[in-house]
$ cat coords14.cif   # mmCIF, C-alpha atoms
data_query
#
loop_
_atom_site.label_atom_id
_atom_site.label_comp_id
_atom_site.auth_asym_id
_atom_site.auth_seq_id
_atom_site.Cartn_x
_atom_site.Cartn_y
_atom_site.Cartn_z
CA MET O 4 8.13 23.74 65.97
CA SER O 5 7.81 20.00 65.38
CA LEU O 6 5.57 18.81 62.55
CA LEU O 7 5.29 15.36 64.12
CA PRO O 8 1.81 14.99 65.62
CA SER O 9 2.00 14.72 69.39
CA ALA O 10 -0.23 11.64 69.24
CA PHE O 11 2.42 9.92 67.12
CA THR O 12 5.38 10.89 69.31
CA ASP O 13 3.41 9.92 72.43
CA TRP O 14 2.57 6.57 70.80
CA LEU O 15 6.24 5.93 69.95
CA ARG O 16 7.28 6.75 73.51
CA GLU O 17 4.56 4.56 75.01
CA ASN O 18 5.82 1.71 72.84
CA GLY O 19 9.41 2.01 73.96
CA TYR O 20 10.97 4.45 71.51
CA GLN O 21 12.12 7.89 72.57
CA GLN O 22 13.06 9.75 69.38
CA THR O 23 15.40 12.72 69.92
CA LEU O 24 17.88 12.93 67.01
CA LEU O 25 15.36 13.72 64.27
CA ASP O 26 12.27 15.84 63.87
CA LEU O 27 9.79 16.20 61.03
CA SER O 28 10.15 19.38 59.00
CA GLU O 29 9.31 20.91 55.61
CA PHE O 30 12.05 21.31 52.99
CA PRO O 31 11.74 23.20 49.69
CA GLU O 32 13.32 20.39 47.64
CA THR O 33 11.52 17.36 49.09
CA GLY O 34 8.56 18.54 51.12
CA ARG O 35 8.31 16.59 54.37
CA GLY O 36 11.55 15.14 55.68
CA MET O 37 13.50 14.47 58.85
CA ARG O 38 15.68 17.28 60.26
CA ALA O 39 18.65 16.70 62.52
CA THR O 40 18.07 18.25 65.97
CA ARG O 41 21.83 18.34 66.59
CA ASP O 42 25.04 17.58 64.72
CA ILE O 43 25.10 13.87 63.91
CA ALA O 44 28.55 12.37 63.37
CA ALA O 45 29.40 9.83 60.68
CA GLY O 46 28.92 6.36 62.17
CA GLU O 47 26.10 7.36 64.54
CA LEU O 48 22.73 5.63 64.55
CA LEU O 49 19.98 7.72 62.98
CA VAL O 50 17.16 5.49 64.19
CA SER O 51 16.81 2.28 66.18
CA ILE O 52 13.22 1.05 66.02
CA PRO O 53 12.13 -1.69 68.47
CA VAL O 54 11.23 -4.89 66.61
CA HIS O 55 7.78 -4.99 68.22
CA LEU O 56 6.92 -1.73 66.39
CA LEU O 57 7.64 -3.28 62.98
CA LEU O 58 4.59 -4.40 61.03
CA THR O 59 5.27 -7.66 59.20
CA GLY O 60 3.29 -10.53 57.74
CA SER O 61 3.72 -12.36 61.05
CA THR O 62 2.62 -9.51 63.34
CA PRO O 63 -0.42 -10.86 65.26
CA ASP O 64 -2.60 -7.86 64.39
CA VAL O 65 -1.73 -8.27 60.70
CA VAL O 66 -2.34 -12.03 60.77
CA GLU O 67 -5.73 -11.49 62.43
CA VAL O 68 -6.87 -9.15 59.65
CA GLY O 69 -5.75 -11.60 56.96
CA GLU O 70 -7.57 -14.50 58.61
CA ARG O 71 -10.72 -12.44 59.06
CA ILE O 72 -10.87 -11.06 55.53
CA CYS O 73 -9.51 -14.06 53.62
CA PRO O 74 -9.76 -17.13 55.88
CA GLY O 75 -7.59 -20.01 54.70
CA ALA O 76 -6.01 -18.00 51.87
CA ARG O 77 -2.26 -17.88 51.36
CA LEU O 78 -1.51 -14.19 50.94
CA TRP O 79 1.70 -12.41 50.05
CA GLU O 80 3.20 -10.17 52.74
CA HIS O 81 2.43 -7.13 50.57
CA GLN O 82 -1.25 -8.13 50.39
CA LEU O 83 -1.41 -8.76 54.14
CA LEU O 84 0.16 -5.43 55.06
CA ALA O 85 -2.07 -3.58 52.59
CA LEU O 86 -5.18 -5.24 54.05
CA PHE O 87 -4.01 -4.32 57.53
CA LEU O 88 -3.53 -0.63 56.69
CA ALA O 89 -6.84 -0.49 54.84
CA CYS O 90 -8.74 -2.04 57.77
CA ASN O 91 -7.03 0.16 60.35
CA ARG O 92 -7.39 3.50 58.60
CA HIS O 93 -9.76 4.85 61.23
CA PRO O 94 -9.23 6.96 64.37
CA THR O 95 -10.05 4.23 66.90
CA SER O 96 -7.36 1.80 65.71
CA LYS O 97 -4.46 1.34 68.12
CA TRP O 98 -2.21 1.86 65.07
CA ALA O 99 -3.98 5.12 64.10
CA PRO O 100 -1.16 7.40 65.41
CA TYR O 101 1.18 5.78 62.85
CA ILE O 102 -1.27 5.38 59.98
CA SER O 103 -2.37 9.02 60.35
CA VAL O 104 1.11 10.28 59.38
CA LEU O 105 1.09 8.35 56.09
CA PRO O 106 0.32 10.37 52.93
CA ASP O 107 -3.35 10.87 52.12
CA ALA O 108 -2.74 10.04 48.44
CA PHE O 109 -0.06 8.70 46.13
CA ASP O 110 -0.90 10.68 43.02
CA THR O 111 2.77 11.31 42.11
CA ILE O 112 3.34 7.57 41.54
CA ALA O 113 3.77 7.13 37.78
CA SER O 114 0.91 4.63 37.44
CA MET O 115 -1.44 7.05 39.26
CA MET O 116 -0.69 10.02 37.01
CA PRO O 117 -3.21 11.42 34.49
CA LEU O 118 -3.42 9.63 31.14
CA ALA O 119 -2.06 12.66 29.27
CA VAL O 120 1.08 12.60 31.42
CA LYS O 121 1.47 8.83 30.94
CA ASP O 122 1.27 9.30 27.19
CA ALA O 123 4.22 11.70 27.38
CA MET O 124 6.41 9.33 29.40
CA PRO O 125 9.36 7.39 27.97
CA ARG O 126 8.15 4.01 26.78
CA THR O 127 10.23 2.07 29.31
CA MET O 128 8.69 4.18 32.09
CA ARG O 129 5.14 3.55 30.88
CA GLU O 130 5.89 -0.17 30.78
CA MET O 131 7.31 -0.17 34.33
CA ALA O 132 4.34 1.83 35.61
CA GLY O 133 2.00 -0.62 33.89
CA ARG O 134 3.72 -3.61 35.49
CA ILE O 135 3.41 -2.07 38.97
CA GLU O 136 -0.24 -1.18 38.43
CA GLY O 137 -0.85 -4.69 37.11
CA LYS O 138 0.67 -6.22 40.25
CA MET O 139 -1.49 -4.03 42.45
CA ILE O 140 -4.63 -5.11 40.56
CA ARG O 141 -3.66 -8.80 40.71
CA ASP O 142 -3.10 -8.48 44.47
CA TRP O 143 -6.51 -6.83 44.81
CA GLU O 144 -8.18 -9.62 42.83
CA GLY O 145 -6.67 -12.09 45.31
CA VAL O 146 -8.46 -10.44 48.24
CA ARG O 147 -11.44 -8.88 46.48
CA ALA O 148 -14.00 -11.54 47.37
CA GLY O 149 -13.06 -11.40 51.06
CA CYS O 150 -13.12 -7.59 51.10
CA GLU O 151 -16.55 -7.46 49.46
CA ARG O 152 -17.89 -10.10 51.85
CA ASP O 153 -16.46 -8.28 54.89
CA GLY O 154 -17.57 -4.90 53.58
CA SER O 155 -14.74 -2.97 55.26
CA VAL O 156 -12.33 -2.43 52.35
CA THR O 157 -13.06 -0.87 48.96
CA PHE O 158 -10.79 -0.99 45.94
CA GLU O 159 -9.84 2.67 46.45
CA THR O 160 -8.86 2.08 50.08
CA TYR O 161 -6.91 -1.07 49.18
CA ARG O 162 -5.08 0.75 46.36
CA TRP O 163 -4.06 3.52 48.77
CA ALA O 164 -2.85 0.93 51.29
CA TRP O 165 -1.02 -1.12 48.62
CA PHE O 166 0.95 1.92 47.48
CA ALA O 167 1.61 2.90 51.10
CA VAL O 168 3.32 -0.47 51.55
CA ASN O 169 5.07 -0.33 48.17
CA THR O 170 6.57 3.10 48.85
CA ARG O 171 7.47 2.51 52.49
CA CYS O 172 8.30 -1.11 53.21
CA ILE O 173 11.83 -2.07 54.23
CA SER O 174 13.77 -5.28 53.62
CA LEU O 175 14.50 -7.25 56.76
CA ASN O 176 18.20 -7.88 56.23
CA PRO O 177 20.66 -8.34 59.13
CA PHE O 178 22.34 -5.17 60.37
CA PRO O 179 26.02 -5.21 59.31
CA SER O 180 28.80 -5.23 61.87
CA SER O 181 30.36 -1.92 62.83
CA PRO O 182 32.74 -0.54 60.18
CA PRO O 183 35.35 -1.03 58.97
CA SER O 184 35.28 -4.84 58.95
CA SER O 185 32.84 -7.68 59.54
CA PRO O 186 33.65 -10.52 61.93
CA SER O 187 34.07 -14.06 60.71
CA SER O 188 31.35 -16.56 61.55
CA SER O 189 33.41 -17.85 64.46
CA GLN O 190 33.65 -14.32 65.91
CA ARG O 191 29.94 -13.50 65.80
CA THR O 192 28.35 -13.25 69.21
CA GLN O 193 25.45 -15.48 70.22
CA LEU O 194 22.06 -13.90 70.85
CA PRO O 195 21.68 -12.99 74.52
CA ALA O 196 18.83 -14.59 76.46
CA GLY O 197 15.55 -12.79 75.92
CA SER O 198 16.55 -11.10 72.64
CA VAL O 199 14.15 -11.22 69.71
CA PRO O 200 15.41 -13.15 66.66
CA PRO O 201 14.81 -11.72 63.19
CA PRO O 202 11.18 -12.32 62.16
CA PRO O 203 10.70 -15.01 59.47
CA THR O 204 9.50 -12.41 56.98
CA LYS O 205 11.12 -10.38 54.23
CA ILE O 206 9.49 -6.94 54.38
CA ALA O 207 8.09 -4.67 57.06
CA LEU O 208 6.60 -1.25 57.72
CA ALA O 209 8.66 0.73 60.21
CA PRO O 210 7.01 3.73 61.94
CA LEU O 211 9.11 6.94 61.81
CA LEU O 212 11.80 5.34 59.67
CA ASP O 213 9.58 5.69 56.59
CA LEU O 214 9.61 9.49 57.00
CA LEU O 215 13.29 9.58 55.98
CA ASN O 216 13.78 10.68 52.37
CA HIS O 217 16.12 9.22 49.77
CA SER O 218 19.30 10.68 48.33
CA SER O 219 21.49 8.78 45.88
CA SER O 220 24.56 10.40 47.47
CA SER O 221 23.70 9.22 50.99
CA THR O 222 25.52 6.22 52.45
CA VAL O 223 24.00 4.25 55.30
CA GLN O 224 23.99 0.84 56.92
CA ALA O 225 20.59 -0.62 57.76
CA GLY O 226 19.09 -3.84 59.03
CA LEU O 227 17.84 -5.92 61.92
CA HIS O 228 20.13 -5.88 64.95
CA ALA O 229 19.15 -9.08 66.74
CA PRO O 230 21.08 -8.53 70.02
CA SER O 231 19.14 -5.31 70.74
CA SER O 232 15.89 -6.43 69.06
CA THR O 233 15.84 -3.30 66.89
CA TYR O 234 15.92 -2.23 63.26
CA ARG O 235 18.80 0.22 62.92
CA ILE O 236 20.01 2.77 60.42
CA ARG O 237 23.52 4.14 60.78
CA THR O 238 24.67 7.16 58.76
CA LEU O 239 28.12 6.95 57.25
CA ASP O 240 28.02 10.61 56.15
CA GLY O 241 26.88 12.46 59.25
CA CYS O 242 24.45 15.35 59.19
CA ALA O 243 24.71 18.94 60.42
CA LYS O 244 22.16 20.34 62.85
CA CYS O 245 18.98 21.60 61.17
CA GLN O 246 19.88 19.90 57.87
CA GLN O 247 17.77 17.14 56.35
CA ALA O 248 18.94 13.61 57.19
CA PHE O 249 18.75 11.27 54.20
CA ILE O 250 18.96 7.54 53.69
CA ASN O 251 19.52 5.59 50.47
CA TYR O 252 16.80 3.33 49.10
CA GLY O 253 19.30 1.72 46.73
CA CYS O 254 20.70 2.51 43.30
CA HIS O 255 17.53 3.63 41.51
CA GLY O 256 17.38 5.85 38.47
CA ASN O 257 14.66 8.48 38.22
CA VAL O 258 12.43 6.16 36.16
CA ALA O 259 12.38 3.61 38.98
CA LEU O 260 12.07 6.26 41.69
CA LEU O 261 9.04 7.82 40.04
CA CYS O 262 7.39 4.46 39.32
CA GLU O 263 8.07 2.89 42.73
CA TYR O 264 8.11 5.86 45.12
CA GLY O 265 6.58 8.88 43.39
CA PHE O 266 9.53 11.30 43.32
CA VAL O 267 12.71 12.02 41.39
CA ASP O 268 16.19 12.65 42.74
CA ALA O 269 16.95 16.38 43.00
CA GLY O 270 18.27 17.78 39.73
CA ASN O 271 18.61 15.71 36.56
CA LEU O 272 22.00 14.15 37.29
CA ASN O 273 20.94 11.07 39.21
CA PRO O 274 24.09 8.86 39.01
CA CYS O 275 21.91 5.74 38.78
CA ASP O 276 20.01 6.91 35.68
CA SER O 277 20.23 4.69 32.62
CA ILE O 278 18.54 4.25 29.25
CA THR O 279 17.50 0.88 27.85
CA VAL O 280 17.58 0.83 24.06
CA THR O 281 14.50 -1.16 23.08
CA SER O 282 14.54 -3.98 20.54
CA ASP O 283 12.12 -1.92 18.42
CA ALA O 284 14.62 0.97 18.32
CA MET O 285 17.36 -1.43 17.23
CA ASP O 286 15.14 -3.01 14.57
CA VAL O 287 14.31 0.30 12.90
CA LEU O 288 17.88 1.58 13.15
CA VAL O 289 19.46 1.72 9.69
CA VAL O 290 23.07 0.54 9.46
CA GLU O 291 24.84 1.61 6.29
CA GLY O 292 25.23 -1.25 3.82
CA GLU O 293 22.71 -3.49 5.59
CA ASP O 294 19.97 -5.26 3.66
CA ALA O 295 17.28 -7.73 4.71
CA ARG O 296 19.59 -10.75 4.25
CA SER O 297 22.54 -9.33 6.18
CA LYS O 298 20.23 -8.06 8.91
CA GLU O 299 18.81 -11.56 9.40
CA VAL O 300 22.32 -13.05 9.44
CA ALA O 301 23.30 -10.50 12.10
CA ARG O 302 20.22 -11.36 14.18
CA SER O 303 21.24 -15.02 14.15
CA VAL O 304 24.80 -14.20 15.20
CA LEU O 305 23.63 -11.84 17.94
CA ARG O 306 21.16 -14.40 19.32
CA GLY O 307 23.86 -17.05 19.29
CA CYS O 308 26.28 -14.98 21.38
CA GLY O 309 23.71 -13.39 23.70
CA LEU O 310 23.95 -9.91 22.21
CA ASP O 311 20.36 -9.61 21.05
CA GLY O 312 19.20 -7.32 23.86
CA ASP O 313 19.96 -5.57 27.15
CA PHE O 314 21.50 -2.51 25.50
CA VAL O 315 21.99 0.11 28.19
CA MET O 316 23.47 3.60 28.17
CA ASP O 317 24.30 5.27 31.47
CA ARG O 318 26.55 7.92 32.98
CA THR O 319 29.68 5.83 32.39
CA HIS O 320 29.18 6.73 28.70
CA ASP O 321 30.51 3.32 27.67
CA PRO O 322 27.70 1.39 25.91
CA ALA O 323 29.92 -1.64 25.25
CA ARG O 324 27.13 -4.11 24.40
CA LEU O 325 25.48 -1.65 22.03
CA LEU O 326 28.74 -0.98 20.19
CA ALA O 327 29.52 -4.70 19.98
CA ALA O 328 26.08 -5.47 18.51
CA LEU O 329 26.39 -2.71 15.93
CA ARG O 330 29.87 -3.93 14.93
CA VAL O 331 28.40 -7.40 14.38
CA ARG O 332 25.76 -5.87 12.12
CA VAL O 333 28.40 -3.96 10.17
CA MET O 334 30.62 -7.04 9.77
CA CYS O 335 27.62 -9.06 8.56
CA THR O 336 27.10 -6.69 5.61
CA GLY O 337 30.10 -8.17 3.80
CA SER O 338 30.04 -11.13 1.40
CA SER O 339 31.06 -13.43 4.27
CA VAL O 340 30.92 -13.16 8.03
CA PRO O 341 34.31 -13.35 9.81
CA GLN O 342 34.58 -16.52 11.89
CA ASP O 343 35.79 -14.51 14.88
CA VAL O 344 33.05 -11.87 14.58
CA THR O 345 31.86 -12.43 18.17
CA SER O 346 35.29 -11.67 19.61
CA ARG O 347 36.29 -8.89 17.21
CA CYS O 348 33.09 -6.96 17.91
CA TRP O 349 34.28 -5.93 21.37
CA CYS O 350 37.18 -3.83 20.04
CA GLU O 351 37.32 -0.90 17.66
CA MET O 352 37.62 -2.26 14.13
CA GLU O 353 40.87 -1.78 12.23
CA ASP O 354 38.96 -0.80 9.10
CA ALA O 355 38.23 2.88 9.75
CA THR O 356 35.44 2.91 7.17
CA MET O 357 33.58 0.10 8.93
CA GLU O 358 34.05 1.70 12.36
CA ALA O 359 32.73 4.95 10.92
CA ARG O 360 29.50 3.12 10.00
CA VAL O 361 29.16 2.07 13.64
CA LYS O 362 29.75 5.67 14.71
CA ASP O 363 27.09 6.85 12.26
CA ALA O 364 24.55 4.33 13.61
CA VAL O 365 25.19 5.32 17.23
CA THR O 366 24.91 9.00 16.35
CA ARG O 367 21.59 8.54 14.55
CA LEU O 368 20.26 6.35 17.37
CA CYS O 369 21.15 8.95 20.02
CA GLU O 370 19.90 11.88 17.97
CA GLY O 371 16.60 10.08 17.35
CA MET O 372 16.17 9.44 21.07
CA ILE O 373 17.04 13.06 21.89
CA LEU O 374 14.38 14.21 19.43
CA GLU O 375 11.86 11.85 21.05
CA ALA O 376 12.78 13.25 24.48
CA ARG O 377 12.29 16.83 23.34
CA GLU O 378 8.92 15.99 21.85
CA GLY O 379 7.90 14.39 25.14
CA MET O 380 9.08 17.43 27.09
CA GLY O 381 7.05 19.69 24.81
CA LYS O 382 3.89 17.71 25.57
CA LEU O 383 4.60 17.86 29.29
CA ASP O 384 5.22 21.62 29.19
CA ALA O 385 1.79 22.05 27.62
CA ILE O 386 0.19 19.95 30.39
CA GLY O 387 2.02 21.58 33.32
CA GLY O 388 1.78 20.61 36.98
CA GLN O 389 3.90 18.62 39.42
CA ALA O 390 3.53 15.22 37.76
CA ALA O 391 4.45 16.56 34.33
CA GLY O 392 7.43 18.38 35.84
CA MET O 393 8.81 15.19 37.40
CA VAL O 394 8.45 13.21 34.17
CA ARG O 395 10.20 16.09 32.39
CA THR O 396 13.14 15.59 34.77
CA VAL O 397 13.33 11.97 33.57
CA TRP O 398 13.54 13.11 29.93
CA GLU O 399 16.18 15.72 30.85
CA GLY O 400 18.30 13.03 32.47
CA MET O 401 18.04 10.88 29.35
CA ILE O 402 19.15 13.75 27.12
CA ASP O 403 22.11 14.36 29.41
CA ILE O 404 23.19 10.71 29.10
CA LEU O 405 22.75 10.65 25.32
CA GLN O 406 24.64 13.89 24.73
CA GLY O 407 27.33 12.85 27.21
CA THR O 408 27.77 9.52 25.42
CA LEU O 409 28.22 11.21 22.06
CA THR O 410 30.68 13.71 23.50
CA GLU O 411 32.68 11.13 25.48
CA MET O 412 33.06 8.94 22.40
CA ASN O 413 34.15 11.95 20.34
CA TYR O 414 31.08 11.65 18.12
CA VAL O 415 30.34 15.35 18.55
CA GLU O 416 32.53 18.36 19.23
#
$ encode --input "coords14.cif" --output "structure tokens"
Amino acid sequence: MSLLPSAFTDWLRENGYQQTLLDLSEFPETGRGMRATRDIAAGELLVSIPVHLLLTGSTPDVVEVGERICPGARLWEHQLLALFLACNRHPTSKWAPYISVLPDAFDTIASMMPLAVKDAMPRTMREMAGRIEGKMIRDWEGVRAGCERDGSVTFETYRWAWFAVNTRCISLNPFPSSPPSSPSSSQRTQLPAGSVPPPPTKIALAPLLDLLNHSSSSTVQAGLHAPSSTYRIRTLDGCAKCQQAFINYGCHGNVALLCEYGFVDAGNLNPCDSITVTSDAMDVLVVEGEDARSKEVARSVLRGCGLDGDFVMDRTHDPARLLAALRVRVMCTGSSVPQDVTSRCWCEMEDATMEARVKDAVTRLCEGMILEAREGMGKLDAIGGQAAGMVRTVWEGMIDILQGTLTEMNYVE
């Protein structure tokens, strides 16, 4: 039995879209998702949404709301779309069949989680969640006076609408040519008479399309197909009948997925996961033989060659910038700094004793971060619940990267 409300499917059909390949269903791993109604071959179109069903900053209904609430104001597309959803979240709106299938709440978004769960997040995740929440509040402040004057939109309704847009909007890029190759500019066909050109906007809400879930292993092609006046998604993997059809939102680690969309990739082995080593962690890291003078000399060298930040560890287990920075710090502990320190730091040092000091620093850095992760997981286990469980998955992924890095570099047996 279909979980898609009949009012929504009727509305799609009345607006020129007959959806047959996919149906809404419940899945144990993801909750709601789109199920293939038949075998879908690699290269087939999953969806092809008519352009007139896309909600953009230039859609007349959206523009009308913006002009009514904030006359004369220059609003971002995100603000406009959020205002539109907030104003049309009622059963008599002509867009109600679409808006009614949106989630009722976005409480699994990192910035919407309870304070106790936030306190147990990795620092970089708390900071990302704070930046997203800050943007939402700034966008609200830009429309607040108009909303209060109009009386139709509260902060709570706007926040729901803002996160609906943030979790569901698509980028309006051109649809790529059919695989395997793209035509040259001289080979591209002209738009046929009567076709709709790409709208002069960057993001849109796309009914039905936003019910497709993300998988980092899924490969798709997506974008505006001007000749047919549609937004298309083509699967490059195929999908068996009754299985969930996935798309790919981009290469996002679980920190970004939880902050932006409110979920984590299944399991803790998201290939896009990474760890940013903060400047604070580097500052407190003790390198054997380093004193205040040599540490300041190293800082100067690292700033001069652009190695004073952006230290990332990921599933390649090759933290080249981190190793280079630590080698600079080790070489700066001597009585004089080698003139070629910024080139020598990228290769393993010939002096085994000095390289061992780098190895020791990396080991202590990773072990300290693993300890921090386990402490965070302990707090989350005591809290319990869905939100805590998803943040725990983030910590688990970090531990996997840290332990894998140590093993790959032969720092542990």
$ residues_around --input "coords14.cif" --residues "Ala164 (chain O)" --least-positions-apart "5" --cutoff "6 Å" --atoms "all atoms listed in the file" --output "PyMOL selection string"
chain O and resi 85+88-89
$ resolve_selection --input "coords14.cif" --expression "the PyMOL selection byres ((chain O and resi 109) around 8)" --output "number ranges by chain"
O: 106-108, 110-112, 115, 163, 166-167, 265
$ atom_distance --input "coords14.cif" --atom1 "CA of Pro210 (chain O)" --atom2 "CA of Arg147 (chain O)"
27.2 Å
$ residues_near_point --input "coords14.cif" --point "(3.8, -8.5, 68.3)" --cutoff "12 Å" --atoms "all atoms listed in the file" --output "ChimeraX atom specification"
/O:18,53-67,199,202
$ write_last_selection --input "coords14.cif" --atoms "C-alpha atoms" --output "PDB file, in the frame of the given file"
ATOM      1  CA  ASN O  18       5.820   1.710  72.840  1.00  0.00           C
ATOM      2  CA  PRO O  53      12.130  -1.690  68.470  1.00  0.00           C
ATOM      3  CA  VAL O  54      11.230  -4.890  66.610  1.00  0.00           C
ATOM      4  CA  HIS O  55       7.780  -4.990  68.220  1.00  0.00           C
ATOM      5  CA  LEU O  56       6.920  -1.730  66.390  1.00  0.00           C
ATOM      6  CA  LEU O  57       7.640  -3.280  62.980  1.00  0.00           C
ATOM      7  CA  LEU O  58       4.590  -4.400  61.030  1.00  0.00           C
ATOM      8  CA  THR O  59       5.270  -7.660  59.200  1.00  0.00           C
ATOM      9  CA  GLY O  60       3.290 -10.530  57.740  1.00  0.00           C
ATOM     10  CA  SER O  61       3.720 -12.360  61.050  1.00  0.00           C
ATOM     11  CA  THR O  62       2.620  -9.510  63.340  1.00  0.00           C
ATOM     12  CA  PRO O  63      -0.420 -10.860  65.260  1.00  0.00           C
ATOM     13  CA  ASP O  64      -2.600  -7.860  64.390  1.00  0.00           C
ATOM     14  CA  VAL O  65      -1.730  -8.270  60.700  1.00  0.00           C
ATOM     15  CA  VAL O  66      -2.340 -12.030  60.770  1.00  0.00           C
ATOM     16  CA  GLU O  67      -5.730 -11.490  62.430  1.00  0.00           C
ATOM     17  CA  VAL O 199      14.150 -11.220  69.710  1.00  0.00           C
ATOM     18  CA  PRO O 202      11.180 -12.320  62.160  1.00  0.00           C
TER      19      PRO O 202
END
$ residues_around --input "coords14.cif" --residues "Pro125 (chain O)" --least-positions-apart "5" --cutoff "10 Å" --atoms "all atoms listed in the file" --output "MDAnalysis selection string"
chainID O and resid 130 258 278 372 375:376 379 394:395 397:398 401
$ atom_distance --input "coords14.cif" --atom1 "CA of Leu383 (chain O)" --atom2 "CA of Val280 (chain O)"
22.0 Å
$ residues_near_point --input "coords14.cif" --point "(-15.7, -4.8, 50.7)" --cutoff "12 Å" --atoms "all atoms listed in the file" --output "ChimeraX atom specification"
/O:72-73,86,89-90,143-144,146-161
$ closest_residue --input "coords14.cif" --among "O:Leu212, O:Leu405, O:Cys262, O:Ile173" --to "Thr319 (chain O)" --atoms "only C-alpha atoms"
O:Leu405
$ atom_distance --input "coords14.cif" --atom1 "CA of Val223 (chain O)" --atom2 "CA of Leu105 (chain O)"
23.3 Å
$ residues_around --input "coords14.cif" --residues "Thr408 (chain O)" --least-positions-apart "6" --cutoff "9 Å" --atoms "only C-alpha atoms" --output "NGL selection string"
:O and (316-322 or 369 or 414)
